[in-house]
$ cat model00.cif   # mmCIF, C-alpha atoms
data_model
loop_
_atom_site.label_atom_id
_atom_site.label_comp_id
_atom_site.auth_asym_id
_atom_site.auth_seq_id
_atom_site.Cartn_x
_atom_site.Cartn_y
_atom_site.Cartn_z
CA PHE A 82 -5.21 16.54 -4.20
CA ILE A 83 -6.20 13.32 -5.98
CA ALA A 84 -2.61 12.64 -7.07
CA GLN A 85 -1.24 13.07 -3.56
CA GLU A 86 -3.95 11.42 -1.49
CA GLU A 87 -5.15 8.62 -3.73
CA MET A 88 -2.29 7.98 -6.15
CA GLY A 89 0.67 8.42 -3.86
CA ARG A 90 2.40 11.02 -6.05
CA ASP A 91 3.65 13.84 -3.83
CA THR A 92 5.67 15.75 -6.40
CA GLY A 93 4.99 17.43 -9.73
CA TYR A 94 8.54 17.80 -11.05
CA TRP A 95 11.41 15.41 -11.78
CA TRP A 96 15.11 16.25 -12.32
CA SER A 97 16.89 14.35 -15.07
CA PRO A 98 19.81 12.22 -13.78
CA ASP A 99 22.35 14.46 -15.54
CA GLY A 100 20.85 17.59 -13.94
CA ARG A 101 20.29 19.35 -17.29
CA ARG A 102 16.49 19.15 -17.45
CA ILE A 103 13.41 19.15 -15.25
CA ALA A 104 10.22 17.40 -16.26
CA PHE A 105 7.08 18.90 -14.73
CA LEU A 106 3.31 18.64 -14.80
CA GLU A 107 1.16 21.68 -15.39
CA VAL A 108 -2.27 21.13 -13.86
CA ASP A 109 -5.27 23.26 -14.86
CA GLU A 110 -8.21 23.18 -12.43
CA ALA A 111 -10.31 25.64 -14.45
CA PRO A 112 -12.70 22.97 -15.82
CA ILE A 113 -13.77 22.06 -12.26
CA ALA A 114 -16.62 24.03 -10.72
CA PRO A 115 -15.85 25.46 -7.27
CA SER A 116 -17.43 23.74 -4.28
CA LEU A 117 -17.90 25.09 -0.79
CA ARG A 118 -17.08 23.09 2.32
CA TYR A 119 -16.78 23.78 6.03
CA GLU A 120 -13.47 23.43 7.84
CA VAL A 121 -14.19 22.88 11.53
CA ARG A 122 -11.33 24.15 13.66
CA GLY A 123 -10.80 24.33 17.40
CA ASN A 124 -12.00 27.90 17.75
CA ALA A 125 -13.85 28.63 14.51
CA ILE A 126 -15.67 27.22 11.50
CA GLU A 127 -14.27 28.39 8.17
CA LEU A 128 -16.01 28.26 4.79
CA ILE A 129 -13.53 27.15 2.11
CA GLU A 130 -13.87 27.19 -1.67
CA GLN A 131 -12.27 24.19 -3.35
CA ARG A 132 -12.29 22.82 -6.89
CA TYR A 133 -13.08 19.19 -6.20
CA PRO A 134 -13.48 16.72 -9.12
CA TYR A 135 -16.63 14.78 -8.31
CA ALA A 136 -17.26 11.49 -10.09
CA GLY A 137 -18.76 12.04 -13.53
CA MET A 138 -17.89 15.75 -13.53
CA PRO A 139 -14.99 17.49 -15.33
CA ASN A 140 -11.52 16.79 -13.98
CA VAL A 141 -8.25 18.72 -14.15
CA THR A 142 -6.32 18.78 -17.42
CA TYR A 143 -2.59 18.14 -17.68
CA ARG A 144 0.39 19.25 -19.69
CA LEU A 145 3.71 17.44 -19.31
CA GLY A 146 6.69 19.67 -20.00
CA VAL A 147 10.47 19.47 -20.00
CA VAL A 148 12.47 22.62 -19.28
CA GLU A 149 16.12 23.03 -20.25
CA ILE A 150 18.06 24.38 -17.27
CA GLU A 151 20.52 26.51 -19.26
CA SER A 152 18.16 28.09 -21.78
CA GLY A 153 14.83 27.91 -19.98
CA GLU A 154 13.27 26.48 -23.14
CA ILE A 155 10.18 24.34 -22.57
CA ARG A 156 9.05 21.52 -24.80
CA TRP A 157 5.65 19.93 -24.32
CA ILE A 158 5.28 16.16 -24.41
CA PRO A 159 2.25 14.74 -26.28
CA LEU A 160 -0.15 12.97 -23.92
CA GLY A 161 -2.58 11.58 -26.49
CA ASP A 162 -5.94 12.69 -27.82
CA GLU A 163 -7.99 11.88 -24.71
CA PRO A 164 -7.77 14.78 -22.21
CA ASP A 165 -9.66 13.06 -19.38
CA ILE A 166 -6.70 11.11 -18.00
CA TYR A 167 -4.35 10.81 -15.06
CA ILE A 168 -0.55 11.04 -15.13
CA PRO A 169 0.24 9.11 -11.95
CA ARG A 170 3.98 8.52 -12.51
CA VAL A 171 6.86 10.20 -14.36
CA ALA A 172 10.48 8.98 -14.50
CA TRP A 173 13.71 9.35 -16.46
CA ALA A 174 15.79 6.69 -18.18
CA PRO A 175 19.29 6.44 -16.58
CA ASP A 176 21.01 8.25 -19.48
CA SER A 177 18.55 11.19 -19.32
CA SER A 178 17.70 10.80 -23.00
CA THR A 179 14.19 9.46 -22.48
CA LEU A 180 11.27 10.59 -20.35
CA VAL A 181 8.94 7.80 -19.28
CA PHE A 182 5.43 8.44 -17.98
CA GLN A 183 2.33 6.48 -17.11
CA ARG A 184 -1.00 7.52 -18.63
CA GLN A 185 -4.06 6.13 -16.89
CA SER A 186 -7.65 6.31 -18.07
CA ARG A 187 -10.05 8.08 -15.74
CA ASP A 188 -11.91 4.83 -15.04
CA GLN A 189 -8.49 3.47 -13.96
CA GLN A 190 -8.91 0.32 -16.05
CA THR A 191 -6.18 1.07 -18.60
CA LEU A 192 -2.61 2.20 -17.99
CA ALA A 193 0.02 2.81 -20.66
CA LEU A 194 3.76 3.09 -19.97
CA ILE A 195 5.05 5.56 -22.56
CA ALA A 196 8.64 6.48 -23.46
CA HIS A 197 9.42 9.80 -25.14
CA ASP A 198 12.84 10.11 -26.79
CA LEU A 199 13.81 13.76 -26.38
CA ALA A 200 16.59 13.82 -28.99
CA GLY A 201 14.48 12.35 -31.77
CA ASN A 202 11.14 13.66 -30.45
CA ARG A 203 9.74 10.15 -30.88
CA GLN A 204 7.24 8.44 -28.62
CA ARG A 205 6.27 4.80 -28.17
CA THR A 206 4.15 2.78 -25.80
CA LEU A 207 6.32 0.26 -23.98
CA LEU A 208 3.40 -1.72 -22.54
CA THR A 209 -0.25 -1.45 -21.61
CA GLU A 210 -1.98 -2.84 -18.53
CA THR A 211 -5.73 -3.45 -18.43
CA SER A 212 -8.15 -4.52 -15.71
CA ASP A 213 -11.83 -5.39 -15.47
CA THR A 214 -11.95 -3.53 -12.14
CA TRP A 215 -9.10 -1.09 -11.49
CA ILE A 216 -5.32 -0.95 -11.82
CA ASN A 217 -3.33 -0.56 -8.62
CA LEU A 218 -0.52 1.95 -9.09
CA HIS A 219 3.05 1.19 -8.05
CA ASP A 220 6.63 2.47 -8.26
CA ASP A 221 8.17 -0.76 -9.56
CA LEU A 222 9.99 0.53 -12.63
CA HIS A 223 13.76 0.07 -12.93
CA PHE A 224 15.69 0.56 -16.17
CA LEU A 225 18.75 -1.67 -16.49
CA GLU A 226 22.05 -0.23 -17.66
CA GLN A 227 23.65 -3.51 -18.78
CA MET A 228 20.61 -4.83 -20.63
CA ASP A 229 18.18 -3.25 -23.09
CA ALA A 230 15.36 -3.96 -20.66
CA PHE A 231 13.57 -2.86 -17.51
CA ILE A 232 11.95 -4.44 -14.47
CA TRP A 233 8.22 -3.90 -14.04
CA SER A 234 5.54 -5.30 -11.76
CA SER A 235 2.09 -6.33 -12.93
CA GLU A 236 -1.02 -8.03 -11.59
CA ARG A 237 -1.75 -9.72 -14.93
CA SER A 238 -1.34 -13.18 -13.34
CA GLY A 239 -3.81 -12.37 -10.56
CA TYR A 240 -1.03 -11.44 -8.13
CA ARG A 241 1.51 -8.63 -8.41
CA HIS A 242 4.78 -10.07 -9.68
CA LEU A 243 8.02 -8.84 -11.19
CA TYR A 244 8.82 -9.15 -14.89
CA LEU A 245 11.88 -8.50 -17.01
CA VAL A 246 10.62 -6.55 -20.02
CA GLY A 247 12.55 -5.66 -23.16
CA MET A 248 12.52 -2.11 -24.47
CA ASP A 249 10.32 -3.42 -27.28
CA GLY A 250 7.63 -4.12 -24.66
CA GLU A 251 7.94 -7.90 -24.86
CA ILE A 252 8.22 -9.82 -21.58
CA VAL A 253 11.61 -11.55 -21.48
CA ARG A 254 10.78 -13.63 -18.41
CA SER A 255 8.82 -13.71 -15.18
CA LEU A 256 11.07 -13.04 -12.22
CA THR A 257 8.57 -14.07 -9.54
CA ALA A 258 5.41 -16.17 -9.49
CA GLY A 259 3.05 -17.75 -6.99
CA ASP A 260 -0.17 -17.22 -5.05
CA TRP A 261 1.26 -14.25 -3.18
CA PRO A 262 1.92 -10.65 -4.23
CA VAL A 263 5.12 -8.67 -4.47
CA ALA A 264 4.76 -5.53 -2.34
CA ALA A 265 7.60 -3.46 -3.81
CA LEU A 266 10.75 -3.68 -5.89
CA SER A 267 13.48 -2.80 -3.37
CA GLY A 268 16.83 -2.93 -5.16
CA VAL A 269 18.82 -4.25 -8.11
CA ASP A 270 22.45 -5.42 -8.32
CA GLU A 271 23.14 -5.68 -12.04
CA ASP A 272 26.76 -6.80 -11.60
CA LEU A 273 25.66 -9.87 -9.63
CA GLY A 274 22.39 -10.24 -11.53
CA LEU A 275 20.16 -9.98 -8.45
CA VAL A 276 16.85 -8.29 -7.77
CA TYR A 277 15.48 -7.62 -4.27
CA PHE A 278 11.85 -7.14 -3.30
CA THR A 279 9.49 -7.19 -0.33
CA ALA A 280 6.53 -9.55 -0.24
CA SER A 281 4.16 -11.47 2.00
CA VAL A 282 5.03 -14.96 0.76
CA GLU A 283 4.33 -17.03 3.87
CA THR A 284 1.49 -15.00 5.39
CA PRO A 285 -0.21 -11.67 4.62
CA THR A 286 0.33 -10.61 8.23
CA GLU A 287 4.08 -10.07 7.65
CA MET A 288 6.39 -8.28 5.20
CA GLN A 289 9.78 -9.81 4.42
CA LEU A 290 12.71 -9.13 2.08
CA TYR A 291 13.47 -11.60 -0.71
CA ARG A 292 16.04 -12.04 -3.46
CA GLN A 293 15.80 -13.46 -6.98
CA SER A 294 18.17 -13.99 -9.88
CA LEU A 295 17.77 -11.50 -12.68
CA VAL A 296 19.27 -13.85 -15.27
CA THR A 297 18.33 -17.44 -14.41
CA ALA A 298 15.20 -16.90 -12.36
CA THR A 299 13.00 -19.78 -11.34
CA PRO A 300 9.94 -17.63 -10.60
CA GLU A 301 8.51 -19.79 -7.83
CA ALA A 302 11.86 -20.17 -6.00
CA VAL A 303 12.81 -16.99 -4.15
CA GLN A 304 15.36 -16.57 -1.36
CA LYS A 305 14.30 -14.98 1.91
CA ILE A 306 16.83 -12.43 3.21
CA SER A 307 15.21 -10.84 6.28
CA ARG A 308 15.38 -12.95 9.42
CA ARG A 309 12.89 -11.70 12.00
CA THR A 310 9.15 -12.24 12.04
CA GLY A 311 7.31 -8.96 11.67
CA TRP A 312 7.26 -6.09 9.21
CA HIS A 313 10.30 -4.97 7.19
CA GLN A 314 10.37 -1.75 5.14
CA ILE A 315 13.47 -1.77 2.96
CA SER A 316 15.55 0.94 1.28
CA PHE A 317 18.59 -0.14 -0.80
CA ASP A 318 21.59 1.92 -1.75
CA GLY A 319 22.28 2.58 -5.44
CA THR A 320 24.56 -0.45 -5.83
CA GLY A 321 22.21 -3.08 -4.43
CA ARG A 322 24.86 -4.14 -1.90
CA LYS A 323 23.47 -2.57 1.31
CA TYR A 324 20.05 -1.68 2.64
CA LEU A 325 18.29 0.05 5.50
CA ASP A 326 15.67 -2.00 7.32
CA LEU A 327 12.89 -0.19 9.19
CA TYR A 328 11.56 -3.08 11.25
CA SER A 329 8.80 -3.47 13.80
CA SER A 330 6.39 -6.04 15.18
CA THR A 331 3.54 -6.04 17.67
CA GLU A 332 6.19 -6.69 20.35
CA GLN A 333 8.92 -4.32 19.13
CA PRO A 334 8.67 -0.58 18.37
CA PRO A 335 10.32 0.52 15.10
CA GLN A 336 14.06 -0.10 14.73
CA LEU A 337 16.35 1.13 11.97
CA SER A 338 19.42 -0.89 10.99
CA LEU A 339 21.98 -1.13 8.17
CA HIS A 340 22.46 -4.52 6.51
CA SER A 341 24.54 -6.18 3.84
CA ALA A 342 22.61 -7.61 0.91
CA ASP A 343 22.85 -11.07 2.50
CA GLY A 344 20.87 -9.86 5.50
CA ASP A 345 23.73 -9.53 7.98
CA ARG A 346 23.32 -6.53 10.24
CA ILE A 347 26.21 -4.06 9.93
CA ALA A 348 25.05 -1.46 12.43
CA TRP A 349 22.13 -0.13 14.40
CA LEU A 350 21.04 3.37 13.48
CA VAL A 351 18.14 3.35 15.94
CA GLU A 352 18.01 0.25 18.14
CA ASN A 353 15.03 1.54 20.12
CA ARG A 354 15.23 -1.03 22.88
CA VAL A 355 12.44 -0.78 25.42
CA ASP A 356 14.69 -0.27 28.43
CA ALA A 357 13.95 1.63 31.63
CA ASP A 358 14.33 5.02 29.94
CA HIS A 359 12.14 4.23 26.94
CA PRO A 360 8.83 6.16 26.64
CA TYR A 361 6.95 2.85 26.46
CA ALA A 362 8.67 1.43 29.56
CA PRO A 363 5.86 2.42 31.98
CA PHE A 364 3.40 0.46 29.86
CA ARG A 365 5.55 -2.58 29.09
CA ALA A 366 4.34 -4.66 32.02
CA ASP A 367 0.74 -4.28 30.80
CA HIS A 368 1.58 -4.94 27.14
CA ARG A 369 -0.69 -7.64 25.76
CA PRO A 370 0.45 -10.16 23.13
CA THR A 371 -1.31 -10.17 19.77
CA GLU A 372 -2.80 -13.40 18.48
CA PHE A 373 -2.94 -13.92 14.71
CA GLY A 374 -5.26 -16.39 13.07
CA ALA A 375 -7.49 -17.11 10.09
CA LEU A 376 -11.05 -18.24 9.50
CA ARG A 377 -13.18 -19.21 6.53
CA THR A 378 -16.42 -17.56 5.48
CA ALA A 379 -19.53 -19.45 4.42
CA ASP A 380 -18.26 -19.34 0.81
CA SER A 381 -14.83 -20.68 1.91
CA GLN A 382 -12.87 -17.43 1.64
CA LEU A 383 -9.88 -17.35 4.01
CA LEU A 384 -9.73 -14.19 6.14
CA HIS A 385 -6.88 -13.22 8.48
CA TYR A 386 -7.45 -11.58 11.84
CA ARG A 387 -5.65 -10.25 14.91
CA LEU A 388 -6.90 -10.40 18.47
CA VAL A 389 -5.65 -8.74 21.66
CA ALA A 390 -7.03 -10.10 24.93
CA PRO A 391 -7.41 -7.88 28.00
CA ALA A 392 -5.05 -7.78 30.94
CA ASP A 393 -5.54 -10.55 33.52
CA PHE A 394 -7.40 -12.54 30.88
CA ASP A 395 -9.45 -15.42 32.28
CA ALA A 396 -10.99 -17.80 29.74
CA ALA A 397 -13.75 -18.63 32.23
CA ARG A 398 -15.04 -15.04 32.09
CA ARG A 399 -16.93 -13.25 29.33
CA TYR A 400 -15.50 -10.03 27.94
CA PRO A 401 -16.82 -7.16 25.81
CA VAL A 402 -15.30 -6.87 22.33
CA LEU A 403 -14.20 -3.83 20.36
CA VAL A 404 -14.08 -4.55 16.63
CA HIS A 405 -11.41 -2.16 15.30
CA VAL A 406 -12.23 -1.90 11.60
CA TYR A 407 -10.83 -0.21 8.51
CA GLY A 408 -11.76 -2.40 5.56
CA GLY A 409 -10.80 0.00 2.75
CA PRO A 410 -8.82 -0.92 -0.37
CA THR A 411 -5.36 0.31 0.65
CA SER A 412 -4.92 -0.57 4.30
CA ARG A 413 -4.78 -3.80 6.26
CA MET A 414 -5.33 -4.30 9.98
CA ALA A 415 -4.14 -7.86 10.67
CA LEU A 416 -0.44 -6.98 10.54
CA ASN A 417 2.46 -7.97 12.75
CA GLN A 418 3.56 -4.34 12.90
CA TRP A 419 3.89 -1.61 15.52
CA GLY A 420 1.81 1.48 14.91
CA ARG A 421 -0.88 3.89 16.00
CA ARG A 422 -3.66 1.37 15.52
CA HIS A 423 -1.68 -1.18 17.51
CA LEU A 424 -1.36 1.26 20.41
CA ILE A 425 -5.11 1.94 20.36
CA ASP A 426 -5.66 -1.80 20.64
CA GLN A 427 -3.28 -2.01 23.59
CA TYR A 428 -5.03 0.84 25.37
CA MET A 429 -8.48 -0.69 24.94
CA ALA A 430 -7.22 -4.09 26.10
CA ARG A 431 -6.04 -2.41 29.31
CA GLN A 432 -9.59 -1.14 29.79
CA GLY A 433 -10.87 -4.72 29.80
CA TYR A 434 -11.86 -5.20 26.16
CA ILE A 435 -10.98 -7.89 23.68
CA VAL A 436 -9.86 -6.04 20.54
CA PHE A 437 -10.48 -7.78 17.21
CA SER A 438 -9.60 -6.81 13.63
CA ILE A 439 -10.14 -8.84 10.47
CA ASP A 440 -9.08 -8.10 6.91
CA ASN A 441 -12.08 -8.37 4.60
CA ARG A 442 -12.24 -8.79 0.86
CA GLY A 443 -11.74 -5.57 -1.06
CA ILE A 444 -8.33 -4.75 0.41
CA GLU A 445 -5.01 -5.03 -1.41
CA GLY A 446 -2.17 -7.38 -0.56
CA GLN A 447 -3.86 -10.73 -1.24
CA GLY A 448 -4.33 -10.74 -4.98
CA VAL A 449 -6.77 -9.41 -7.56
CA ALA A 450 -9.56 -11.91 -6.84
CA PHE A 451 -9.52 -10.95 -3.15
CA GLN A 452 -9.75 -7.24 -3.91
CA ALA A 453 -12.10 -7.24 -6.91
CA PRO A 454 -15.44 -7.89 -5.13
CA ALA A 455 -15.43 -4.30 -3.84
CA TRP A 456 -15.47 -2.84 -7.37
CA LEU A 457 -18.65 -0.73 -7.80
CA ASN A 458 -19.94 -2.48 -4.68
CA LEU A 459 -18.49 -0.65 -1.70
CA GLY A 460 -19.89 -1.41 1.71
CA ARG A 461 -21.25 -4.84 0.81
CA VAL A 462 -18.78 -7.73 0.74
CA GLU A 463 -16.55 -5.88 3.22
CA VAL A 464 -19.42 -5.72 5.70
CA GLU A 465 -20.36 -9.38 5.22
CA ASP A 466 -16.77 -10.47 5.85
CA GLN A 467 -16.67 -8.39 9.03
CA ILE A 468 -19.89 -10.07 10.14
CA ALA A 469 -18.26 -13.45 9.48
CA GLY A 470 -15.64 -12.36 11.97
CA ILE A 471 -18.35 -11.48 14.48
CA GLU A 472 -19.93 -14.90 14.05
CA TYR A 473 -16.55 -16.46 14.79
CA LEU A 474 -16.21 -14.34 17.93
CA LYS A 475 -19.58 -15.56 19.15
CA THR A 476 -18.28 -19.14 19.12
CA LEU A 477 -15.66 -18.23 21.73
CA ASP A 478 -16.76 -18.93 25.29
CA PHE A 479 -14.95 -15.86 26.64
CA VAL A 480 -16.81 -13.42 24.34
CA ASP A 481 -19.95 -11.66 25.56
CA PRO A 482 -22.12 -11.56 22.39
CA GLU A 483 -24.32 -8.83 23.87
CA ARG A 484 -21.40 -6.42 24.27
CA ILE A 485 -19.75 -6.17 20.86
CA GLY A 486 -18.96 -2.68 19.58
CA ALA A 487 -17.32 -1.29 16.45
CA PHE A 488 -14.84 1.55 15.98
CA GLY A 489 -13.31 2.90 12.77
CA TRP A 490 -11.62 5.94 11.29
CA SER A 491 -11.97 7.25 7.71
CA TYR A 492 -13.09 4.25 5.63
CA GLY A 493 -13.32 2.47 8.97
CA GLY A 494 -15.87 5.05 10.07
CA TYR A 495 -17.87 4.38 6.92
CA MET A 496 -17.62 0.65 7.60
CA THR A 497 -18.81 1.13 11.17
CA LEU A 498 -21.93 2.95 9.98
CA MET A 499 -22.61 0.41 7.23
CA MET A 500 -22.31 -2.49 9.67
CA LEU A 501 -24.70 -0.83 12.11
CA LYS A 502 -27.18 -0.10 9.33
CA GLN A 503 -27.06 -3.45 7.54
CA HIS A 504 -26.94 -5.63 10.66
CA PRO A 505 -29.01 -3.98 13.40
CA GLY A 506 -28.82 -5.78 16.70
CA VAL A 507 -25.36 -7.25 16.14
CA PHE A 508 -23.49 -4.34 17.70
CA ALA A 509 -24.23 -2.77 21.06
CA ALA A 510 -22.52 0.46 19.97
CA GLY A 511 -20.45 2.00 17.20
CA VAL A 512 -18.06 4.93 16.92
CA ALA A 513 -17.42 6.36 13.43
CA VAL A 514 -14.65 8.96 13.08
CA ALA A 515 -13.69 11.27 10.18
#
$ encode --input "model00.cif" --output "structure tokens"
Amino acid sequence: FIAQEEMGRDTGYWWSPDGRRIAFLEVDEAPIAPSLRYEVRGNAIELIEQRYPYAGMPNVTYRLGVVEIESGEIRWIPLGDEPDIYIPRVAWAPDSSTLVFQRQSRDQQTLALIAHDLAGNRQRTLLTETSDTWINLHDDLHFLEQMDAFIWSSERSGYRHLYLVGMDGEIVRSLTAGDWPVAALSGVDEDLGLVYFTASVETPTEMQLYRQSLVTATPEAVQKISRRTGWHQISFDGTGRKYLDLYSSTEQPPQLSLHSADGDRIAWLVENRVDADHPYAPFRADHRPTEFGALRTADSQLLHYRLVAPADFDAARRYPVLVHVYGGPTSRMALNQWGRRHLIDQYMARQGYIVFSIDNRGIEGQGVAFQAPAWLNLGRVEVEDQIAGIEYLKTLDFVDPERIGAFGWSYGGYMTLMMLKQHPGVFAAGVAVA
């Protein structure tokens, strides 16, 4: 459960590239005491027993194995002397000779990248990451075939950036640098010496595709490949010469297209134009534009927000405001992206509300210093940053300060309750879900 929901690992086995072996994790939940919880369904309430690892209590234990396909023989990979760990990632080297896994301490402040040579049964730590707060997991590991090195991302500079690392664990060079974070390693073209990645270089409200030289990189100088404002999710082919772009913005529902590595579109796979037959067509005339902006808190922290004004907006009137909040570590709201949250905002704007979302400190995507204040301090700095957004709203002549409400789901529900509790009188109402 923890691996899937919180660590983004939705598998427990990994085929070797040559198809001769499968690495797998054996997970033992026996050390965890059973807990009872209620599952509320549409027509019944069910009592469920679940082994849930509460903080400070015993966790699952792991064994990492490799099974030979032909013989069925299993060999167990040493994981170290400390049993209270996580194994958040497992991967194979391209030649299938080496299994590479990440071992993370339970406090999530130390992560080791470990390579196990199967032929020689030798193990070595390629690198170790440490943090005073917590280490954000990622999938940015790419072993090069033409160099005795790999590409890895790290937040050691204060922002997530890409590094070329030798197999001895020494950093050969920084591939990217700057006061912005890499979101994901997207593709590598070794023949041309190019690495592709997504990042929010110009503004945290957008995601774009960039390119960098693998050999002669000037870390601060990266080349932008994507061409439209909005949100690009990229998937490269194995050669690094073509990619799929899943694109959307607050004005355009998701589109899927095939591109050359230079950014030229080769073909539409799903153009998804909002024409007369589109499911959104009946609502297009009432679609409200999204305004993006930024404000500074009393301690000079820059916060980004999005605002949707109601239909038939008149600046001479005063409108109620719905603060649509999330605020948790792994999800941002002020994004130029189509999505479920965006549609909720559009619906509420049609009902006559101004809809406002602001990204507080504690969330990812803006560097370590922006995220760190939430460590061991949940529900504090996030709330104060949301209140800074409310204070900004109250300076707008078209906002009715007596009719400001909050709505959130999951961590957003928690935030809604914390805002109501810590700042009574600010909100006329709040809705906390899940």
$ atom_distance --input "model00.cif" --atom1 "atom CA of Gly511 of chain A" --atom2 "atom CA of Ala392 of chain A"
22.8 Å
$ resolve_selection --input "model00.cif" --expression "the PyMOL selection byres ((chain A and resi 293) around 8)" --output "list in words"
Leu256, Thr257, Leu275, Val276, Tyr277, Tyr291, Arg292, Ser294, Leu295, Ala298, Ala302, Val303 and Gln304 of chain A
$ resolve_selection --input "model00.cif" --expression "the PyMOL selection byres ((chain A and resi 173) around 10)" --output "PDB file with C-alpha atoms, in the coordinates of the input"
ATOM      1  CA  TRP A  95      11.410  15.410 -11.780  1.00  0.00           C
ATOM      2  CA  TRP A  96      15.110  16.250 -12.320  1.00  0.00           C
ATOM      3  CA  SER A  97      16.890  14.350 -15.070  1.00  0.00           C
ATOM      4  CA  PRO A  98      19.810  12.220 -13.780  1.00  0.00           C
ATOM      5  CA  ILE A 103      13.410  19.150 -15.250  1.00  0.00           C
ATOM      6  CA  ALA A 104      10.220  17.400 -16.260  1.00  0.00           C
ATOM      7  CA  VAL A 171       6.860  10.200 -14.360  1.00  0.00           C
ATOM      8  CA  ALA A 172      10.480   8.980 -14.500  1.00  0.00           C
ATOM      9  CA  ALA A 174      15.790   6.690 -18.180  1.00  0.00           C
ATOM     10  CA  PRO A 175      19.290   6.440 -16.580  1.00  0.00           C
ATOM     11  CA  ASP A 176      21.010   8.250 -19.480  1.00  0.00           C
ATOM     12  CA  SER A 177      18.550  11.190 -19.320  1.00  0.00           C
ATOM     13  CA  SER A 178      17.700  10.800 -23.000  1.00  0.00           C
ATOM     14  CA  THR A 179      14.190   9.460 -22.480  1.00  0.00           C
ATOM     15  CA  LEU A 180      11.270  10.590 -20.350  1.00  0.00           C
ATOM     16  CA  VAL A 181       8.940   7.800 -19.280  1.00  0.00           C
ATOM     17  CA  PHE A 182       5.430   8.440 -17.980  1.00  0.00           C
ATOM     18  CA  ALA A 196       8.640   6.480 -23.460  1.00  0.00           C
ATOM     19  CA  HIS A 197       9.420   9.800 -25.140  1.00  0.00           C
ATOM     20  CA  HIS A 223      13.760   0.070 -12.930  1.00  0.00           C
ATOM     21  CA  PHE A 224      15.690   0.560 -16.170  1.00  0.00           C
TER      22      PHE A 224
END
$ closest_residue --input "model00.cif" --among "A:Ile232, A:Leu273, A:Leu327, A:Ala509" --to "Leu290 of chain A" --atoms "all atoms listed in the file"
A:Leu327
$ residues_near_point --input "model00.cif" --point "(-24.9, 2.3, 2.4)" --cutoff "9 Å" --atoms "all atoms listed in the file" --output "list in words"
Leu459, Gly460, Arg461, Tyr495, Leu498, Met499, Lys502 and Gln503 of chain A
$ residues_around --input "model00.cif" --residues "Gly446 of chain A" --least-positions-apart "3" --cutoff "12 Å" --atoms "only C-alpha atoms" --output "number ranges by chain"
A: 217, 236, 239-242, 260-265, 279-282, 284-288, 385, 409-416, 440-443, 449-453
$ resolve_selection --input "model00.cif" --expression "the PyMOL selection byres ((chain A and resi 311) around 6)" --output "VMD selection string"
chain A and resid 287 310 312 330 417
